[in-house]
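A.B. asks: Could you have a look at this structure, given as structure tokens, before my questions?
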Amino acid sequence: MIGFSKLLTGKATISATLRAEQCGSMPPHLLQFSTVKRPIVVWNMTRRCNLRCRHCYLEAGEGDYGDELTTLQARRLIEELAEMRVPVLLFSGGEPLLRKDLWELAEYASSLGIRPGLSTNGTLITPEVAAKIKRSGFAYVGISIDGRPETHDNFRDVPNSFSRALDGIRNAQDAGLNAGVRFTVNRDYYQDLPFLLDLVEKEGIRRFCLYHLVYAGRGKGLAEKDLTLAQKRELVNFLIEQTNLLRRKGVEVEILTTDNHADGVYLYRWALEHLPERAEEIKKLLEFHGGCSAGVKMVNVGPEGYVYPCQFWRSGYLGKFPEKTFQEIWYNENNSLLRALRNKTDYLKGKCGRCKHSAICGGCRIRAEALRGDVWEEDPACYLTEEEIASPV
């Protein structure tokens, strides 16, 4: 996760991050720069969904998939996470609003000191549901919108899903919730990005997160629809421009990207030339962040209890809850995959192996596996030039 707004505008600083860590309480806006290895947990609590999105890494859909963790098992999981003092538990799916025990589990997590977040398509958030989300203790609601109405409806494969998602955002905001827009970019729809940023500004939405395409689940079929490397550079330059423009206009919108840590390297190199007074602090904060956090500061629990390094990873799991406790899985020093992920710079190959910035990037292992057949091969979505990866700046 690369926080363009925080890095470029000085809303995140080294001193504030270190003070928060010394106090033992990291505020949400600095969490991405924490050096503490307690993981953010993404829990795909169900595979059921009322949409059928073309890029869904879980291949979710309608029907009863069975084998989900029971309410009792989920409460045990939450208790373990609280003992570990994990900072955030993101309730995701499928569509998490389809699980009837969502409210109970979110309240339980919140009562034990975990910040619950909600990842949803937004179409089910009526004013009444928004009020329940608020009462249940959710700190943040992320709602996916993938472009103009016709673009979104096509991508989500359900008519009127755009208007329902937008209503969901408005209902969430009216209930006093912190709501944000998530946009998964691909070659067909990236031209809709200006429309989305205008929408975010017009609707007073405080957070915009752009997801780079990861070739997992149904998303594997979209690999050829990923942006070209030239388009990726163009995209990042546009986001830098928009971040600075919104700041000058006094518009409070946080812009960030995820799933391509080359963005951080590019942002730092841009700052060296255009914002030298911030460059060294940006570099240090990116080092705190540490690049791809799969299996290090990020972990995923699937609907059936399988534990993965991240939500896109399905080629090998770390263990299964509750057959083993979550802590037994996470702290298992004999797990070869975990050991490798926590020392990833020793294993990277190709362009990623040659890169002088692997400590703040590391590439995406899922894209590497999807197109190269090896999780440690180079990330095909890296748009940095050979000259840029060779100079440690």
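Residue numbers start at 1 in each chain; chains themselves are named A, B, ... in the order of the structure tokens; ligands are numbered from 1 in the order shown.
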Please provide the set of residues having any atom within 7 Å of segment 262-267 of chain A, restricted to only C-alpha atoms, with same-chain residues fewer than 5 positions apart removed, written as JSON, numbers by chain.

C.D. replies: {"A": [2, 236, 286, 361, 382]}

A.B. asks: If you run DSSP on the backbone here, which positions in segment 213-258 of chain A get helix (DSSP H, G or I)? Please write them as a PyMOL selection string.

C.D. replies: chain A and resi 217-225+229-249

A.B. asks: Excluding Leu256 of chain A and residues on its chain fewer than 5 positions from it, collect all residues at most 9 Å away from it, counting only C-alpha atoms, and give them as an MDAnalysis selection string.

C.D. replies: chainID A and resid 1:6 207:211 239

A.B. asks: Keeping N, CA and C atoms for every residue in the selection just given, could you write it to a file as an mmCIF file, in the first residue's frame?

C.D. replies:
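What follows is the written file selection-v4.cif:
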```cif
data_model
loop_
_atom_site.group_PDB
_atom_site.id
_atom_site.type_symbol
_atom_site.label_atom_id
_atom_site.label_comp_id
_atom_site.auth_asym_id
_atom_site.auth_seq_id
_atom_site.Cartn_x
_atom_site.Cartn_y
_atom_site.Cartn_z
ATOM 1 N N MET A 1 0.853 -1.183 0.000
ATOM 2 C CA MET A 1 0.000 0.000 0.000
ATOM 3 C C MET A 1 0.892 1.237 0.000
ATOM 4 N N ILE A 2 0.762 2.082 -1.006
ATOM 5 C CA ILE A 2 1.590 3.273 -1.148
ATOM 6 C C ILE A 2 0.705 4.506 -0.965
ATOM 7 N N GLY A 3 0.908 5.211 0.141
ATOM 8 C CA GLY A 3 0.080 6.375 0.470
ATOM 9 C C GLY A 3 0.591 7.635 -0.200
ATOM 10 N N PHE A 4 0.106 7.896 -1.408
ATOM 11 C CA PHE A 4 0.547 9.071 -2.151
ATOM 12 C C PHE A 4 0.324 10.349 -1.338
ATOM 13 N N SER A 5 -0.870 10.524 -0.803
ATOM 14 C CA SER A 5 -1.190 11.751 -0.079
ATOM 15 C C SER A 5 -0.316 11.911 1.157
ATOM 16 N N LYS A 6 -0.168 10.842 1.924
ATOM 17 C CA LYS A 6 0.616 10.929 3.155
ATOM 18 C C LYS A 6 2.081 11.215 2.856
ATOM 19 N N ARG A 207 -11.403 8.869 0.933
ATOM 20 C CA ARG A 207 -10.312 7.932 0.628
ATOM 21 C C ARG A 207 -10.533 7.300 -0.736
ATOM 22 N N PHE A 208 -9.465 7.243 -1.531
ATOM 23 C CA PHE A 208 -9.520 6.607 -2.836
ATOM 24 C C PHE A 208 -8.319 5.680 -2.970
ATOM 25 N N CYS A 209 -8.595 4.391 -3.122
ATOM 26 C CA CYS A 209 -7.532 3.391 -3.210
ATOM 27 C C CYS A 209 -7.585 2.714 -4.573
ATOM 28 N N LEU A 210 -6.510 2.841 -5.331
ATOM 29 C CA LEU A 210 -6.402 2.200 -6.634
ATOM 30 C C LEU A 210 -5.690 0.864 -6.483
ATOM 31 N N TYR A 211 -6.327 -0.196 -6.913
ATOM 32 C CA TYR A 211 -5.757 -1.541 -6.865
ATOM 33 C C TYR A 211 -5.182 -1.894 -8.229
ATOM 34 N N LEU A 239 -1.622 10.242 -10.860
ATOM 35 C CA LEU A 239 -2.005 10.222 -9.443
ATOM 36 C C LEU A 239 -1.179 11.225 -8.639
#
```

A.B. asks: Can you work out which one of A:His289, A:Glu369, A:Ile360, A:Pro39 has the shortest atom-to-atom distance to Lys220 of chain A, counting only C-alpha atoms?

C.D. replies: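 The shortest atom-to-atom distance to Lys220 of chain A comes from A:Glu369.
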
A.B. asks: Per DSSP on the backbone, filter segment 26-186 of chain A down to the residues in strand (DSSP E or B) and report them as a VMD selection string.

C.D. replies: chain A and resid 40 to 44 48 61 88 to 92 115 to 120 140 to 144 179 to 184

A.B. asks: Only N, CA, C and O atoms, please: the residues just picked out, written as a short mmCIF file (atom, residue, chain, number, x, y, z; two decimals), in the first residue's frame.

C.D. replies:
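So the final result, stored in again.cif, reads:
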```
data_model
loop_
_atom_site.label_atom_id
_atom_site.label_comp_id
_atom_site.auth_asym_id
_atom_site.auth_seq_id
_atom_site.Cartn_x
_atom_site.Cartn_y
_atom_site.Cartn_z
N ILE A 40 -1.90 -7.31 9.73
CA ILE A 40 -3.28 -6.98 9.37
C ILE A 40 -3.89 -8.26 8.80
O ILE A 40 -3.28 -8.94 7.98
N VAL A 41 -5.08 -8.60 9.24
CA VAL A 41 -5.72 -9.85 8.85
C VAL A 41 -6.91 -9.57 7.94
O VAL A 41 -7.82 -8.82 8.30
N VAL A 42 -6.87 -10.14 6.75
CA VAL A 42 -8.01 -10.09 5.82
C VAL A 42 -8.73 -11.42 5.93
O VAL A 42 -8.16 -12.48 5.64
N TRP A 43 -9.97 -11.39 6.36
CA TRP A 43 -10.75 -12.62 6.51
C TRP A 43 -11.85 -12.66 5.45
O TRP A 43 -12.78 -11.87 5.48
N ASN A 44 -11.70 -13.56 4.48
CA ASN A 44 -12.77 -13.82 3.52
C ASN A 44 -13.79 -14.72 4.22
O ASN A 44 -13.70 -15.95 4.17
N ARG A 48 -19.90 -16.47 -0.73
CA ARG A 48 -21.18 -16.07 -1.32
C ARG A 48 -21.13 -14.60 -1.71
O ARG A 48 -20.57 -13.77 -1.01
N GLY A 61 -19.64 -16.08 -5.83
CA GLY A 61 -20.89 -16.01 -6.57
C GLY A 61 -22.06 -16.44 -5.71
O GLY A 61 -21.93 -16.63 -4.49
N VAL A 88 -5.79 -4.63 12.85
CA VAL A 88 -7.00 -4.52 12.02
C VAL A 88 -7.44 -5.92 11.59
O VAL A 88 -6.61 -6.76 11.22
N LEU A 89 -8.74 -6.15 11.63
CA LEU A 89 -9.35 -7.34 11.04
C LEU A 89 -10.32 -6.87 9.98
O LEU A 89 -11.34 -6.21 10.28
N LEU A 90 -10.01 -7.16 8.72
CA LEU A 90 -10.84 -6.73 7.60
C LEU A 90 -11.82 -7.84 7.25
O LEU A 90 -11.41 -8.92 6.81
N PHE A 91 -13.10 -7.59 7.44
CA PHE A 91 -14.15 -8.55 7.10
C PHE A 91 -14.44 -8.41 5.60
O PHE A 91 -14.92 -7.37 5.14
N SER A 92 -14.15 -9.46 4.85
CA SER A 92 -14.30 -9.41 3.40
C SER A 92 -15.05 -10.65 2.93
O SER A 92 -15.55 -11.43 3.71
N ARG A 115 -9.48 -3.21 15.51
CA ARG A 115 -10.24 -2.34 14.63
C ARG A 115 -10.87 -3.18 13.52
O ARG A 115 -10.16 -3.75 12.69
N PRO A 116 -12.19 -3.26 13.45
CA PRO A 116 -12.81 -3.99 12.34
C PRO A 116 -12.99 -3.08 11.12
O PRO A 116 -13.39 -1.92 11.25
N GLY A 117 -12.66 -3.60 9.95
CA GLY A 117 -12.92 -2.91 8.70
C GLY A 117 -13.82 -3.76 7.84
O GLY A 117 -13.89 -4.98 8.00
N LEU A 118 -14.51 -3.14 6.91
CA LEU A 118 -15.47 -3.85 6.06
C LEU A 118 -15.13 -3.62 4.59
O LEU A 118 -15.01 -2.48 4.14
N SER A 119 -14.99 -4.70 3.85
CA SER A 119 -14.76 -4.65 2.41
C SER A 119 -15.99 -5.20 1.72
O SER A 119 -16.32 -6.38 1.85
N THR A 120 -16.69 -4.34 0.95
CA THR A 120 -18.00 -4.70 0.43
C THR A 120 -18.21 -4.10 -0.95
O THR A 120 -17.56 -3.14 -1.32
N TYR A 140 -13.97 1.48 9.28
CA TYR A 140 -13.83 1.89 7.88
C TYR A 140 -14.64 0.96 6.99
O TYR A 140 -14.71 -0.25 7.24
N VAL A 141 -15.23 1.51 5.94
CA VAL A 141 -15.97 0.74 4.95
C VAL A 141 -15.38 1.04 3.58
O VAL A 141 -15.43 2.19 3.11
N GLY A 142 -14.81 0.03 2.93
CA GLY A 142 -14.28 0.19 1.58
C GLY A 142 -15.26 -0.37 0.57
O GLY A 142 -15.68 -1.52 0.67
N ILE A 143 -15.66 0.46 -0.40
CA ILE A 143 -16.69 0.07 -1.38
C ILE A 143 -16.09 0.17 -2.78
O ILE A 143 -15.47 1.17 -3.14
N SER A 144 -16.28 -0.88 -3.56
CA SER A 144 -15.66 -0.95 -4.89
C SER A 144 -16.50 -0.25 -5.95
O SER A 144 -17.70 -0.52 -6.08
N ALA A 179 -15.99 6.15 4.83
CA ALA A 179 -16.15 5.29 3.65
C ALA A 179 -15.15 5.70 2.58
O ALA A 179 -14.84 6.88 2.42
N GLY A 180 -14.67 4.72 1.85
CA GLY A 180 -13.73 4.98 0.77
C GLY A 180 -14.08 4.21 -0.48
O GLY A 180 -14.82 3.22 -0.43
N VAL A 181 -13.54 4.67 -1.61
CA VAL A 181 -13.75 4.02 -2.90
C VAL A 181 -12.50 3.22 -3.26
O VAL A 181 -11.38 3.69 -3.10
N ARG A 182 -12.73 2.01 -3.78
CA ARG A 182 -11.65 1.16 -4.28
C ARG A 182 -11.89 0.93 -5.77
O ARG A 182 -13.01 0.65 -6.20
N PHE A 183 -10.82 1.05 -6.54
CA PHE A 183 -10.91 0.94 -8.00
C PHE A 183 -9.82 0.00 -8.48
O PHE A 183 -8.63 0.23 -8.24
N THR A 184 -10.21 -1.09 -9.14
CA THR A 184 -9.25 -2.02 -9.73
C THR A 184 -9.03 -1.63 -11.18
O THR A 184 -9.95 -1.65 -11.98
#
```

A.B. asks: If you count only C-alpha atoms, which residues fall within 10 Å of Ala271 of chain A, apart from same-chain ones fewer than 3 positions away, as an mmCIF file with N, CA, C and O atoms, in the first residue's frame?

C.D. replies:
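Result file follows (out03.cif):
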```cif
data_model
loop_
_atom_site.group_PDB
_atom_site.id
_atom_site.type_symbol
_atom_site.label_atom_id
_atom_site.label_comp_id
_atom_site.auth_asym_id
_atom_site.auth_seq_id
_atom_site.Cartn_x
_atom_site.Cartn_y
_atom_site.Cartn_z
ATOM 1 N N LEU A 7 2.615 10.562 1.840
ATOM 2 C CA LEU A 7 4.030 10.720 1.532
ATOM 3 C C LEU A 7 4.336 12.075 0.906
ATOM 4 O O LEU A 7 5.320 12.727 1.258
ATOM 5 N N LEU A 8 3.502 12.516 -0.024
ATOM 6 C CA LEU A 8 3.790 13.749 -0.752
ATOM 7 C C LEU A 8 3.461 15.011 0.038
ATOM 8 O O LEU A 8 4.116 16.041 -0.130
ATOM 9 N N VAL A 265 8.843 3.140 -5.211
ATOM 10 C CA VAL A 265 10.155 3.478 -5.766
ATOM 11 C C VAL A 265 10.024 4.662 -6.721
ATOM 12 O O VAL A 265 10.812 5.618 -6.676
ATOM 13 N N TYR A 266 9.023 4.603 -7.583
ATOM 14 C CA TYR A 266 8.815 5.686 -8.554
ATOM 15 C C TYR A 266 8.521 7.005 -7.833
ATOM 16 O O TYR A 266 9.040 8.064 -8.215
ATOM 17 N N LEU A 267 7.694 6.928 -6.799
ATOM 18 C CA LEU A 267 7.327 8.131 -6.052
ATOM 19 C C LEU A 267 8.557 8.760 -5.394
ATOM 20 O O LEU A 267 8.726 9.990 -5.403
ATOM 21 N N TYR A 268 9.417 7.920 -4.838
ATOM 22 C CA TYR A 268 10.640 8.433 -4.223
ATOM 23 C C TYR A 268 11.542 9.088 -5.260
ATOM 24 O O TYR A 268 12.076 10.184 -5.034
ATOM 25 N N HIS A 274 11.553 16.562 -7.861
ATOM 26 C CA HIS A 274 10.538 17.615 -7.787
ATOM 27 C C HIS A 274 10.223 18.076 -6.362
ATOM 28 O O HIS A 274 9.631 19.150 -6.185
ATOM 29 N N LEU A 275 10.556 17.278 -5.367
ATOM 30 C CA LEU A 275 10.218 17.603 -3.982
ATOM 31 C C LEU A 275 11.358 17.150 -3.064
ATOM 32 O O LEU A 275 11.169 16.349 -2.148
ATOM 33 N N PRO A 276 12.570 17.658 -3.308
ATOM 34 C CA PRO A 276 13.748 17.138 -2.613
ATOM 35 C C PRO A 276 13.689 17.276 -1.098
ATOM 36 O O PRO A 276 14.282 16.462 -0.377
ATOM 37 N N GLU A 277 12.938 18.265 -0.608
ATOM 38 C CA GLU A 277 12.845 18.441 0.844
ATOM 39 C C GLU A 277 12.082 17.301 1.522
ATOM 40 O O GLU A 277 12.200 17.098 2.734
ATOM 41 N N ARG A 278 11.292 16.536 0.745
ATOM 42 C CA ARG A 278 10.540 15.409 1.303
ATOM 43 C C ARG A 278 11.176 14.057 0.964
ATOM 44 O O ARG A 278 10.806 13.034 1.540
ATOM 45 N N ALA A 279 12.133 14.033 0.052
ATOM 46 C CA ALA A 279 12.610 12.771 -0.517
ATOM 47 C C ALA A 279 13.170 11.811 0.529
ATOM 48 O O ALA A 279 12.824 10.622 0.542
ATOM 49 N N GLU A 280 14.022 12.302 1.415
ATOM 50 C CA GLU A 280 14.658 11.401 2.377
ATOM 51 C C GLU A 280 13.637 10.826 3.353
ATOM 52 O O GLU A 280 13.703 9.650 3.729
ATOM 53 N N ILE A 282 10.431 10.368 2.673
ATOM 54 C CA ILE A 282 9.652 9.399 1.896
ATOM 55 C C ILE A 282 10.389 8.064 1.827
ATOM 56 O O ILE A 282 9.790 7.002 2.029
ATOM 57 N N LYS A 283 11.688 8.112 1.554
ATOM 58 C CA LYS A 283 12.473 6.881 1.474
ATOM 59 C C LYS A 283 12.432 6.118 2.797
ATOM 60 O O LYS A 283 12.227 4.901 2.818
#
```

A.B. asks: Can you pull out every residue within 12 Å of segment 69-71 of chain A, counting only C-alpha atoms, but drop anything in the same chain fewer than 2 positions away, and send it as a ChimeraX atom specification?

C.D. replies: /A:43-47,65-67,73-78,99-106,108,301-306,320-323

A.B. asks: Calculated over only C-alpha atoms, which of the candidates A:Thr123, A:Thr9, A:Thr228, A:Asn178 has the smallest distance to Cys49 of chain A?

C.D. replies: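 Closest to Cys49 of chain A, using only C-alpha atoms: A:Thr123.
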
A.B. asks: Smallest atom-to-atom distance to Glu241 of chain A: which of A:Pro194, A:Gly122, A:Pro127, A:Gly319, using only C-alpha atoms?

C.D. replies: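 Smallest distance to Glu241 of chain A is found for A:Pro194.
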
A.B. asks: Extract, using only C-alpha atoms, all DNA, RNA and protein residues at most 9 Å from Asp226 of chain A, discarding same-chain residues fewer than 5 positions from it, and format them as a list in words.

C.D. replies: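 So the residues in contact are Val185, Asn186, Arg187, Asp188, His212, Leu213, Val214 and Ala381 of chain A.
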
A.B. asks: Emit the selected residues as a PDB file, in the first residue's frame, including all heavy atoms.

C.D. replies:
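Wrote it out as again-v7.pdb, contents follow:
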```pdb
ATOM      1  N   VAL A 185      -7.787  -1.297 -11.510  1.00  0.00           N
ATOM      2  CA  VAL A 185      -7.492  -0.723 -12.818  1.00  0.00           C
ATOM      3  C   VAL A 185      -7.147  -1.810 -13.832  1.00  0.00           C
ATOM      4  O   VAL A 185      -6.504  -2.806 -13.492  1.00  0.00           O
ATOM      5  CB  VAL A 185      -6.341   0.302 -12.704  1.00  0.00           C
ATOM      6  CG1 VAL A 185      -5.031  -0.362 -12.325  1.00  0.00           C
ATOM      7  CG2 VAL A 185      -6.182   1.105 -13.988  1.00  0.00           C
ATOM      8  N   ASN A 186      -7.618  -1.644 -15.063  1.00  0.00           N
ATOM      9  CA  ASN A 186      -7.190  -2.504 -16.170  1.00  0.00           C
ATOM     10  C   ASN A 186      -7.231  -1.673 -17.457  1.00  0.00           C
ATOM     11  O   ASN A 186      -7.673  -0.526 -17.465  1.00  0.00           O
ATOM     12  CB  ASN A 186      -8.036  -3.781 -16.277  1.00  0.00           C
ATOM     13  CG  ASN A 186      -9.453  -3.527 -16.727  1.00  0.00           C
ATOM     14  OD1 ASN A 186      -9.693  -3.090 -17.850  1.00  0.00           O
ATOM     15  ND2 ASN A 186     -10.417  -3.782 -15.845  1.00  0.00           N
ATOM     16  N   ARG A 187      -6.753  -2.255 -18.531  1.00  0.00           N
ATOM     17  CA  ARG A 187      -6.532  -1.502 -19.766  1.00  0.00           C
ATOM     18  C   ARG A 187      -7.820  -0.947 -20.361  1.00  0.00           C
ATOM     19  O   ARG A 187      -7.824   0.122 -20.973  1.00  0.00           O
ATOM     20  CB  ARG A 187      -5.816  -2.391 -20.787  1.00  0.00           C
ATOM     21  CG  ARG A 187      -5.138  -1.618 -21.911  1.00  0.00           C
ATOM     22  CD  ARG A 187      -4.434  -2.550 -22.878  1.00  0.00           C
ATOM     23  NE  ARG A 187      -3.466  -3.397 -22.196  1.00  0.00           N
ATOM     24  CZ  ARG A 187      -2.748  -4.346 -22.806  1.00  0.00           C
ATOM     25  NH1 ARG A 187      -2.896  -4.556 -24.100  1.00  0.00           N
ATOM     26  NH2 ARG A 187      -1.905  -5.068 -22.112  1.00  0.00           N
ATOM     27  N   ASP A 188      -8.913  -1.670 -20.202  1.00  0.00           N
ATOM     28  CA  ASP A 188     -10.170  -1.228 -20.801  1.00  0.00           C
ATOM     29  C   ASP A 188     -10.788  -0.042 -20.056  1.00  0.00           C
ATOM     30  O   ASP A 188     -11.508   0.764 -20.663  1.00  0.00           O
ATOM     31  CB  ASP A 188     -11.174  -2.378 -20.827  1.00  0.00           C
ATOM     32  CG  ASP A 188     -10.796  -3.460 -21.832  1.00  0.00           C
ATOM     33  OD1 ASP A 188      -9.985  -3.174 -22.738  1.00  0.00           O
ATOM     34  OD2 ASP A 188     -11.294  -4.599 -21.697  1.00  0.00           O
ATOM     35  N   HIS A 212      -3.906  -2.232  -8.264  1.00  0.00           N
ATOM     36  CA  HIS A 212      -3.339  -2.802  -9.473  1.00  0.00           C
ATOM     37  C   HIS A 212      -3.855  -4.234  -9.620  1.00  0.00           C
ATOM     38  O   HIS A 212      -4.087  -4.929  -8.628  1.00  0.00           O
ATOM     39  CB  HIS A 212      -1.814  -2.797  -9.397  1.00  0.00           C
ATOM     40  CG  HIS A 212      -1.215  -1.430  -9.474  1.00  0.00           C
ATOM     41  ND1 HIS A 212      -0.928  -0.802 -10.669  1.00  0.00           N
ATOM     42  CD2 HIS A 212      -0.856  -0.551  -8.500  1.00  0.00           C
ATOM     43  CE1 HIS A 212      -0.411   0.387 -10.433  1.00  0.00           C
ATOM     44  NE2 HIS A 212      -0.359   0.571  -9.126  1.00  0.00           N
ATOM     45  N   LEU A 213      -4.019  -4.666 -10.852  1.00  0.00           N
ATOM     46  CA  LEU A 213      -4.590  -5.982 -11.126  1.00  0.00           C
ATOM     47  C   LEU A 213      -3.643  -7.093 -10.676  1.00  0.00           C
ATOM     48  O   LEU A 213      -2.451  -7.071 -10.981  1.00  0.00           O
ATOM     49  CB  LEU A 213      -4.874  -6.114 -12.617  1.00  0.00           C
ATOM     50  CG  LEU A 213      -5.685  -7.331 -13.072  1.00  0.00           C
ATOM     51  CD1 LEU A 213      -7.086  -7.293 -12.480  1.00  0.00           C
ATOM     52  CD2 LEU A 213      -5.759  -7.363 -14.599  1.00  0.00           C
ATOM     53  N   VAL A 214      -4.184  -8.053  -9.925  1.00  0.00           N
ATOM     54  CA  VAL A 214      -3.436  -9.246  -9.530  1.00  0.00           C
ATOM     55  C   VAL A 214      -4.068 -10.438 -10.228  1.00  0.00           C
ATOM     56  O   VAL A 214      -5.289 -10.605 -10.205  1.00  0.00           O
ATOM     57  CB  VAL A 214      -3.442  -9.433  -8.004  1.00  0.00           C
ATOM     58  CG1 VAL A 214      -2.682 -10.695  -7.615  1.00  0.00           C
ATOM     59  CG2 VAL A 214      -2.813  -8.223  -7.317  1.00  0.00           C
ATOM     60  N   ALA A 381       4.546  -6.898 -13.832  1.00  0.00           N
ATOM     61  CA  ALA A 381       3.918  -5.577 -13.817  1.00  0.00           C
ATOM     62  C   ALA A 381       4.874  -4.468 -13.390  1.00  0.00           C
ATOM     63  O   ALA A 381       4.451  -3.321 -13.243  1.00  0.00           O
ATOM     64  CB  ALA A 381       2.702  -5.576 -12.889  1.00  0.00           C
TER      65      ALA A 381
END
```

A.B. asks: Provide the atom CA of Ala82 of chain A to atom CA of Gln327 of chain A distance in Å, to one decimal place.

C.D. replies: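 It comes out at 10.9 Å.
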
A.B. asks: What lies within 7 Å of Val158 of chain A using only C-alpha atoms, ignoring chain neighbours under 4 positions off, as an NGL selection string?

C.D. replies: :A and (51 or 153-154)

A.B. asks: Using only C-alpha atoms, which of the listed residues (A:Glu377, A:Arg339, A:Arg206, A:Phe155) sits closest to Glu252 of chain A?

C.D. replies: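 Closest to Glu252 of chain A, using only C-alpha atoms: A:Arg206.
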